[in-house]
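The structure file query32.cif is reproduced below (mmCIF, C-alpha atoms).
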data_entry
#
loop_
_atom_site.label_atom_id
_atom_site.label_comp_id
_atom_site.auth_asym_id
_atom_site.auth_seq_id
_atom_site.Cartn_x
_atom_site.Cartn_y
_atom_site.Cartn_z
CA MET A 1198 52.82 130.82 31.48
CA ASN A 1199 53.65 128.34 34.25
CA ARG A 1200 57.27 128.16 35.31
CA LEU A 1201 58.92 124.78 35.41
CA HIS A 1202 60.75 123.24 38.32
CA THR A 1203 64.47 122.72 37.90
CA VAL A 1204 65.86 119.34 38.93
CA THR A 1205 69.63 119.03 39.25
CA LEU A 1206 71.52 115.76 39.53
CA TYR A 1207 75.06 115.83 40.86
CA GLY A 1208 76.87 112.65 39.86
CA LYS A 1209 79.63 111.30 37.69
CA LYS A 1210 80.27 108.87 34.87
CA GLU A 1211 80.32 105.15 35.57
CA CYS A 1212 78.07 105.50 38.62
CA CYS A 1213 75.31 102.88 38.59
CA LEU A 1214 73.20 104.77 41.15
CA CYS A 1215 73.48 107.91 39.02
CA ASP A 1216 72.29 105.96 35.97
CA GLN A 1217 69.35 104.59 37.96
CA ALA A 1218 68.48 108.08 39.19
CA MET A 1219 68.56 109.46 35.64
CA ALA A 1220 66.14 106.73 34.52
CA VAL A 1221 63.73 107.73 37.31
CA LEU A 1222 64.11 111.41 36.40
CA TYR A 1223 63.41 110.77 32.70
CA LYS A 1224 60.30 108.79 33.63
CA ALA A 1225 59.12 111.58 35.95
CA GLN A 1226 59.86 114.21 33.31
CA ALA A 1227 57.60 112.42 30.84
CA ALA A 1228 54.72 112.71 33.33
CA GLU A 1229 55.48 116.22 34.66
CA PRO A 1230 57.79 118.43 32.57
CA PHE A 1231 60.73 120.09 34.33
CA VAL A 1232 64.16 121.46 33.48
CA LEU A 1233 66.79 118.76 34.05
CA GLU A 1234 70.42 119.60 34.75
CA LYS A 1235 73.11 116.94 35.08
CA ILE A 1236 76.38 118.06 36.63
CA ASP A 1237 79.48 115.86 36.57
CA ILE A 1238 81.19 116.44 39.91
CA ALA A 1239 84.44 114.95 38.57
CA SER A 1240 84.92 118.05 36.41
CA GLN A 1241 84.64 120.45 39.37
CA PRO A 1242 87.07 119.91 42.28
CA ASP A 1243 84.90 121.80 44.78
CA LEU A 1244 81.89 119.58 44.03
CA LEU A 1245 84.02 116.43 44.07
CA GLU A 1246 85.27 117.41 47.53
CA LYS A 1247 81.76 118.29 48.74
CA TYR A 1248 79.96 115.16 47.51
CA GLY A 1249 82.73 112.60 46.96
CA ARG A 1250 81.09 109.17 46.90
CA GLN A 1251 77.79 110.39 48.33
CA ILE A 1252 76.15 110.53 44.91
CA PRO A 1253 73.85 110.95 43.22
CA VAL A 1254 72.54 114.06 44.90
CA ILE A 1255 69.28 115.44 43.54
CA LEU A 1256 68.05 118.98 44.06
CA VAL A 1257 64.65 120.42 43.19
CA ASP A 1258 64.75 124.16 42.69
CA GLY A 1259 68.12 124.34 44.44
CA ILE A 1260 67.09 122.36 47.53
CA GLU A 1261 68.63 118.95 48.18
CA VAL A 1262 65.83 116.40 48.33
CA PHE A 1263 67.52 113.04 47.66
CA ARG A 1264 70.89 111.40 48.09
CA TYR A 1265 71.73 107.97 46.62
CA ARG A 1266 68.15 106.97 45.65
CA ILE A 1267 65.01 108.79 44.56
CA ARG A 1268 61.60 108.09 46.03
CA GLU A 1269 59.35 108.37 43.00
CA ASP A 1270 56.23 109.24 45.02
CA ARG A 1271 57.98 112.09 46.83
CA LEU A 1272 59.50 113.38 43.58
CA ALA A 1273 56.06 113.40 41.94
CA ALA A 1274 54.62 115.36 44.87
CA LEU A 1275 57.45 117.91 44.72
CA LEU A 1276 56.99 118.37 40.98
CA ALA A 1277 53.22 118.74 41.32
CA ALA A 1278 53.61 121.67 43.73
CA PRO A 1279 53.65 125.18 42.26
CA VAL A 1280 57.07 126.69 41.56
CA SER A 1281 57.82 129.29 44.21
#

Here is a file; write its structure as structure tokens.
Amino acid sequence: MNRLHTVTLYGKKECCLCDQAMAVLYKAQAAEPFVLEKIDIASQPDLLEKYGRQIPVILVDGIEVFRYRIREDRLAALLAAPVS
């Protein structure tokens, strides 16, 4: 069985860029399945201090790949690659 990539979005409520990023992630997930995690940095002081207003932050398999906006073509390429 093929393993799925894990995509993590660090953001918070009432963040328009986070909402836009989630829309892109849902669209990408429909084309290439992956595990999606959404983490609210406001609920974790260490993450709030680390990222502050520099959100959303998107990781693929634990590696930061985007901050603020997602490039759909690059995301598709990352998701098409085998899970290491």

Residue contacts of range 1245-1262 of chain A (7 Å, only C-alpha atoms) excluding same-chain residues fewer than 4 positions away, as an MDAnalysis selection string: chainID A and resid 1202:1208 1214:1215 1238:1239 1241

Taking the file as shown, find all residues satisfying the PyMOL selection byres ((chain A and resi 1269-1281) around 7) and write them as a CSV table (one decimal) with C-alpha atoms, keeping the file's coordinate frame.
chain,number,residue,atom,x,y,z
A,1200,ARG,CA,57.3,128.2,35.3
A,1201,LEU,CA,58.9,124.8,35.4
A,1202,HIS,CA,60.8,123.2,38.3
A,1225,ALA,CA,59.1,111.6,36.0
A,1229,GLU,CA,55.5,116.2,34.7
A,1267,ILE,CA,65.0,108.8,44.6
A,1268,ARG,CA,61.6,108.1,46.0

Point-to-point distance from CA of Gln1226 in chain A to CA of Pro1242 in chain A, Å rounded to tenths: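 Value for the CA of Gln1226 in chain A-CA of Pro1242 in chain A distance: 29.2 Å.
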
Straight-line distance linking CA of Asp1237 in chain A with CA of Lys1210 in chain A, stated in Å to one decimal: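 Here the two named atoms are 7.2 Å from each other.
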
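The two atoms in question, CA of Glu1234 in chain A and CA of Glu1211 in chain A, are spaced 17.5 Å apart.
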
Completion of range 1268-1279 of chain A up to all heavy atoms, as a short mmCIF file (atom, residue, chain, number, x, y, z; two decimals), keeping the file's coordinate frame:
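Saved to out.cif:
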data_model
loop_
_atom_site.label_atom_id
_atom_site.label_comp_id
_atom_site.auth_asym_id
_atom_site.auth_seq_id
_atom_site.Cartn_x
_atom_site.Cartn_y
_atom_site.Cartn_z
N ARG A 1268 62.93 108.64 45.77
CA ARG A 1268 61.60 108.09 46.03
C ARG A 1268 60.66 108.70 45.00
O ARG A 1268 60.40 109.91 45.02
CB ARG A 1268 61.14 108.45 47.44
CG ARG A 1268 61.77 107.59 48.51
CD ARG A 1268 61.18 107.78 49.88
NE ARG A 1268 59.74 108.06 49.87
CZ ARG A 1268 59.14 108.93 50.68
NH1 ARG A 1268 59.84 109.61 51.57
NH2 ARG A 1268 57.85 109.12 50.60
N GLU A 1269 60.16 107.87 44.10
CA GLU A 1269 59.35 108.37 43.00
C GLU A 1269 58.10 109.10 43.47
O GLU A 1269 57.72 110.12 42.89
CB GLU A 1269 58.97 107.23 42.04
CG GLU A 1269 60.16 106.70 41.27
CD GLU A 1269 59.77 105.64 40.26
OE1 GLU A 1269 58.89 105.92 39.42
OE2 GLU A 1269 60.34 104.54 40.31
N ASP A 1270 57.45 108.60 44.53
CA ASP A 1270 56.23 109.24 45.02
C ASP A 1270 56.53 110.64 45.56
O ASP A 1270 55.78 111.58 45.31
CB ASP A 1270 55.54 108.37 46.07
CG ASP A 1270 56.41 108.04 47.28
OD1 ASP A 1270 57.66 108.07 47.17
OD2 ASP A 1270 55.84 107.76 48.36
N ARG A 1271 57.63 110.77 46.29
CA ARG A 1271 57.98 112.09 46.83
C ARG A 1271 58.39 113.05 45.71
O ARG A 1271 58.03 114.22 45.74
CB ARG A 1271 59.10 111.96 47.85
CG ARG A 1271 59.47 113.30 48.46
CD ARG A 1271 60.28 113.16 49.74
NE ARG A 1271 60.63 114.48 50.23
CZ ARG A 1271 61.86 114.88 50.50
NH1 ARG A 1271 62.88 114.05 50.36
NH2 ARG A 1271 62.09 116.09 50.93
N LEU A 1272 59.11 112.56 44.72
CA LEU A 1272 59.50 113.38 43.58
C LEU A 1272 58.26 113.89 42.86
O LEU A 1272 58.16 115.07 42.53
CB LEU A 1272 60.41 112.61 42.63
CG LEU A 1272 60.82 113.37 41.37
CD1 LEU A 1272 61.65 114.61 41.72
CD2 LEU A 1272 61.60 112.45 40.43
N ALA A 1273 57.29 113.00 42.62
CA ALA A 1273 56.06 113.40 41.94
C ALA A 1273 55.32 114.48 42.72
O ALA A 1273 54.83 115.46 42.14
CB ALA A 1273 55.16 112.18 41.72
N ALA A 1274 55.28 114.36 44.03
CA ALA A 1274 54.62 115.36 44.87
C ALA A 1274 55.36 116.70 44.79
O ALA A 1274 54.72 117.77 44.69
CB ALA A 1274 54.54 114.88 46.31
N LEU A 1275 56.68 116.67 44.81
CA LEU A 1275 57.45 117.91 44.72
C LEU A 1275 57.23 118.59 43.38
O LEU A 1275 57.11 119.82 43.30
CB LEU A 1275 58.94 117.61 44.91
CG LEU A 1275 59.37 117.20 46.31
CD1 LEU A 1275 60.80 116.64 46.28
CD2 LEU A 1275 59.27 118.37 47.27
N LEU A 1276 57.17 117.80 42.32
CA LEU A 1276 56.99 118.37 40.98
C LEU A 1276 55.57 118.87 40.74
O LEU A 1276 55.35 119.75 39.91
CB LEU A 1276 57.38 117.33 39.92
CG LEU A 1276 58.85 116.92 39.92
CD1 LEU A 1276 59.08 115.78 38.94
CD2 LEU A 1276 59.75 118.11 39.60
N ALA A 1277 54.61 118.32 41.46
CA ALA A 1277 53.22 118.74 41.32
C ALA A 1277 52.94 120.07 42.02
O ALA A 1277 51.99 120.78 41.68
CB ALA A 1277 52.28 117.67 41.85
N ALA A 1278 53.79 120.42 42.98
CA ALA A 1278 53.61 121.67 43.73
C ALA A 1278 53.97 122.86 42.83
O ALA A 1278 54.81 122.74 41.95
CB ALA A 1278 54.50 121.67 44.97
N PRO A 1279 53.32 123.99 43.06
CA PRO A 1279 53.65 125.18 42.26
C PRO A 1279 55.10 125.60 42.49
O PRO A 1279 55.65 125.42 43.58
CB PRO A 1279 52.71 126.26 42.79
CG PRO A 1279 51.69 125.56 43.62
CD PRO A 1279 52.26 124.24 44.03
#
